[in-house]
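Asks: This is target_31.pdb (PDB, C-alpha atoms).
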MODEL        1
ATOM      1  CA  MET T   1     -15.942  -4.982  -7.080
ATOM      2  CA  ALA T   2     -12.625  -4.575  -5.202
ATOM      3  CA  ARG T   3     -11.768  -1.142  -3.869
ATOM      4  CA  ASP T   4      -8.416   0.015  -2.587
ATOM      5  CA  PRO T   5      -7.875   1.617   0.857
ATOM      6  CA  VAL T   6      -7.478   5.123  -0.633
ATOM      7  CA  GLU T   7     -10.898   4.795  -2.256
ATOM      8  CA  LEU T   8     -12.494   3.374   0.880
ATOM      9  CA  ALA T   9     -11.126   6.156   3.082
ATOM     10  CA  GLY T  10     -12.010   8.855   0.593
ATOM     11  CA  ALA T  11      -8.409  10.072   0.757
ATOM     12  CA  ARG T  12      -7.179  12.539  -1.825
ATOM     13  CA  PRO T  13      -3.392  12.560  -1.322
ATOM     14  CA  GLY T  14      -1.183  14.842  -3.344
ATOM     15  CA  PRO T  15       1.108  13.486  -6.024
ATOM     16  CA  PRO T  16       3.706  10.900  -5.025
ATOM     17  CA  PHE T  17       7.330  11.854  -4.523
ATOM     18  CA  GLU T  18      10.526   9.859  -4.306
ATOM     19  CA  ILE T  19      12.614   8.760  -1.333
ATOM     20  CA  THR T  20      15.452   6.241  -1.431
ATOM     21  CA  PHE T  21      16.009   3.131   0.645
ATOM     22  CA  ASP T  22      19.483   1.611   0.479
ATOM     23  CA  GLY T  23      19.924   3.245  -2.929
ATOM     24  CA  ARG T  24      16.567   2.030  -4.285
ATOM     25  CA  ALA T  25      13.929   4.559  -5.370
ATOM     26  CA  VAL T  26      10.690   4.276  -3.390
ATOM     27  CA  ALA T  27       7.469   6.207  -4.018
ATOM     28  CA  ALA T  28       5.852   7.937  -1.055
ATOM     29  CA  LEU T  29       2.672   9.955  -0.664
ATOM     30  CA  PRO T  30       2.227  13.193   1.267
ATOM     31  CA  GLY T  31       1.372  12.393   4.882
ATOM     32  CA  GLN T  32       2.889   8.909   4.859
ATOM     33  CA  SER T  33       5.408   7.903   7.467
ATOM     34  CA  VAL T  34       8.716   6.449   6.309
ATOM     35  CA  ALA T  35       7.512   3.035   7.558
ATOM     36  CA  ALA T  36       4.257   3.280   5.580
ATOM     37  CA  ALA T  37       6.105   4.204   2.392
ATOM     38  CA  LEU T  38       8.518   1.294   2.842
ATOM     39  CA  TRP T  39       5.665  -1.126   3.552
ATOM     40  CA  ALA T  40       3.805   0.072   0.454
ATOM     41  CA  ALA T  41       6.942  -0.713  -1.577
ATOM     42  CA  GLY T  42       7.073  -4.237  -0.138
ATOM     43  CA  ILE T  43      10.011  -3.500   2.182
ATOM     44  CA  LEU T  44       9.302  -5.078   5.548
ATOM     45  CA  ALA T  45      12.658  -4.782   7.358
ATOM     46  CA  TRP T  46      15.075  -1.855   7.660
ATOM     47  CA  ARG T  47      17.023  -2.645  10.824
ATOM     48  CA  THR T  48      19.058  -5.552  12.138
ATOM     49  CA  THR T  49      19.357  -6.437  15.808
ATOM     50  CA  ARG T  50      22.554  -5.845  17.798
ATOM     51  CA  VAL T  51      22.837  -9.509  18.686
ATOM     52  CA  GLY T  52      22.312 -11.961  15.863
ATOM     53  CA  GLY T  53      21.652  -9.454  13.080
ATOM     54  CA  ARG T  54      17.982 -10.400  12.812
ATOM     55  CA  PRO T  55      15.816  -8.248  10.516
ATOM     56  CA  ARG T  56      13.300  -5.859  12.049
ATOM     57  CA  GLY T  57      10.719  -3.411  10.721
ATOM     58  CA  ALA T  58       7.534  -1.893  12.078
ATOM     59  CA  PHE T  59       5.911  -3.805  14.933
ATOM     60  CA  CYS T  60       3.617  -1.552  16.950
ATOM     61  CA  GLY T  61       3.294   1.295  14.458
ATOM     62  CA  ILE T  62       2.863   3.924  17.205
ATOM     63  CA  GLY T  63       6.439   4.580  18.324
ATOM     64  CA  GLN T  64       6.431   2.510  21.516
ATOM     65  CA  CYS T  65       8.486  -0.577  20.618
ATOM     66  CA  TYR T  66      11.538   0.841  18.762
ATOM     67  CA  ASP T  67      11.638  -2.100  16.326
ATOM     68  CA  CYS T  68      11.295   0.283  13.372
ATOM     69  CA  LEU T  69      14.514   2.229  13.953
ATOM     70  CA  ALA T  70      16.162   3.380  10.734
ATOM     71  CA  THR T  71      18.854   5.778   9.641
ATOM     72  CA  VAL T  72      17.068   8.709   8.014
ATOM     73  CA  ASN T  73      19.150  11.330   6.206
ATOM     74  CA  GLY T  74      22.254  10.162   8.078
ATOM     75  CA  THR T  75      20.669  10.280  11.551
ATOM     76  CA  PRO T  76      20.436   6.850  13.205
ATOM     77  CA  ASN T  77      17.764   5.605  15.600
ATOM     78  CA  ARG T  78      14.819   7.385  13.989
ATOM     79  CA  ARG T  79      11.472   5.667  14.532
ATOM     80  CA  ALA T  80      10.309   5.126  10.947
ATOM     81  CA  CYS T  81       6.678   4.804  12.030
ATOM     82  CA  LEU T  82       6.739   8.384  13.379
ATOM     83  CA  VAL T  83       8.974  10.169  10.849
ATOM     84  CA  PRO T  84       6.973  11.752   8.008
ATOM     85  CA  ALA T  85       8.444  10.937   4.610
ATOM     86  CA  SER T  86       9.702  14.010   2.739
ATOM     87  CA  PRO T  87      10.807  14.359  -0.863
ATOM     88  CA  GLY T  88      14.427  13.327  -1.285
ATOM     89  CA  ASP T  89      14.758  11.513   2.057
ATOM     90  CA  THR T  90      17.507   8.897   2.199
ATOM     91  CA  ILE T  91      16.770   5.907   4.394
ATOM     92  CA  THR T  92      19.394   3.248   5.042
ATOM     93  CA  THR T  93      19.218  -0.035   6.879
ATOM     94  CA  GLN T  94      20.358   0.448  10.445
ATOM     95  CA  GLU T  95      22.676  -2.236  11.716
ATOM     96  CA  GLY T  96      22.811  -2.936  15.446
ATOM     97  CA  HIS T  97      22.756   0.145  17.663
ATOM     98  CA  GLY T  98      23.058   2.578  14.745
ATOM     99  CA  HIS T  99      26.357   4.150  15.787
ATOM    100  CA  ALA T 100      28.817   1.944  13.855
ATOM    101  CA  GLY T 101      29.896   4.649  11.408
ATOM    102  CA  LEU T 102      29.731   7.481  13.931
ATOM    103  CA  GLY T 103      32.661   6.488  16.159
ATOM    104  CA  VAL T 104      30.372   6.265  19.209
TER     105      VAL T 104
ENDMDL
END
Taking this structure as input, can you express it in the form of structure tokens?

Replies:
Amino acid sequence: MARDPVELAGARPGPPFEITFDGRAVAALPGQSVAAALWAAGILAWRTTRVGGRPRGAFCGIGQCYDCLATVNGTPNRRACLVPASPGDTITTQEGHGHAGLGV
């Protein structure tokens, strides 16, 4: 009999809420990071590199590598693996250094 990770951990999360990623609705659970919510929705990349525009997402998962940078609620360079998802959050793909639209 297959069991899911929530069952195995004995977790009892609250009801899901909605965040958006590039205009797409994504379900998140209380306590999840932005990266975890995106992963659960099948989204594996939310940043492109400065040189070459290669896709990046979570790599280390503990905030050390900076591969998971995303623009969260208009603020670029947020480490998605460390930012707790909150109802109504807007996450957008970060391109390059994250300052393109900021005039920096």

Asks: On this structure, the PyMOL selection byres ((chain T and resi 33) around 6) would catch which residues? List them as a PyMOL selection string, sorted by chain and number.

Replies: chain T and resi 32+34-36+81+83-85

Asks: With all atoms listed in the file counted and 8 Å as the cut-off, give the residues of range 3-47 of chain T in contact with range 64-70 of chain T, each with its shortest interatomic distance in Å and the pair that gives it, as CSV.

Replies:
residue,atom,partner,partner_atom,distance
T:Ala35,CA,T:Cys68,CA,7.5
T:Ala45,CA,T:Cys68,CA,8.0
T:Trp46,CA,T:Ala70,CA,6.2
T:Arg47,CA,T:Ala70,CA,6.1

Asks: Might you spell out which residues the PyMOL selection byres ((chain T and resi 19) around 10) would select in the displayed file, as a PyMOL selection string?

Replies: chain T and resi 16-18+20-21+23-28+34+37-38+85-91

Asks: May I ask for the distance between CA of Gly31 in chain T and CA of Gly96 in chain T, given in Å to one decimal place?

Replies: 28.4 Å

Asks: Please write as a list in words the full residue list that the PyMOL selection byres ((chain T and resi 71) around 7) yields on this file.

Replies: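 After applying the PyMOL selection byres ((chain T and resi 71) around 7), what remains is Ala70, Val72, Asn73, Gly74, Thr75, Pro76, Asn77, Arg78, Ile91, Thr92, Thr93 and Gln94 of chain T.
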
Asks: Grab the CA of Leu82 in chain T to CA of Gly14 in chain T distance for me, in Å with one decimal place.

Replies: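 Between CA of Leu82 in chain T and CA of Gly14 in chain T the gap is 19.6 Å.
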
Asks: Name the closest residue to Trp39 in chain T among the candidates T:Pro55, T:Glu95, T:Val6, T:Ala80; distances are taken between atoms, counting only C-alpha atoms.

Replies: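 Closest residue, counting only C-alpha atoms: T:Ala80.
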
Asks: Might I get the box with edges along x, y and z of the file that holds all atoms of range 20-26 of chain T listed there, padded by 4 Å on every side, given as centre and edge lengths in Å to one decimal, as lines of an AutoDock Vina configuration file?

Replies:
center_x = 15.3
center_y = 3.9
center_z = -2.4
size_x = 17.2
size_y = 12.6
size_z = 14.0

Asks: Just the number, please: distance in Å from CA of Ala41 in chain T to CA of Ile62 in chain T, one decimal.

Replies: 19.8 Å
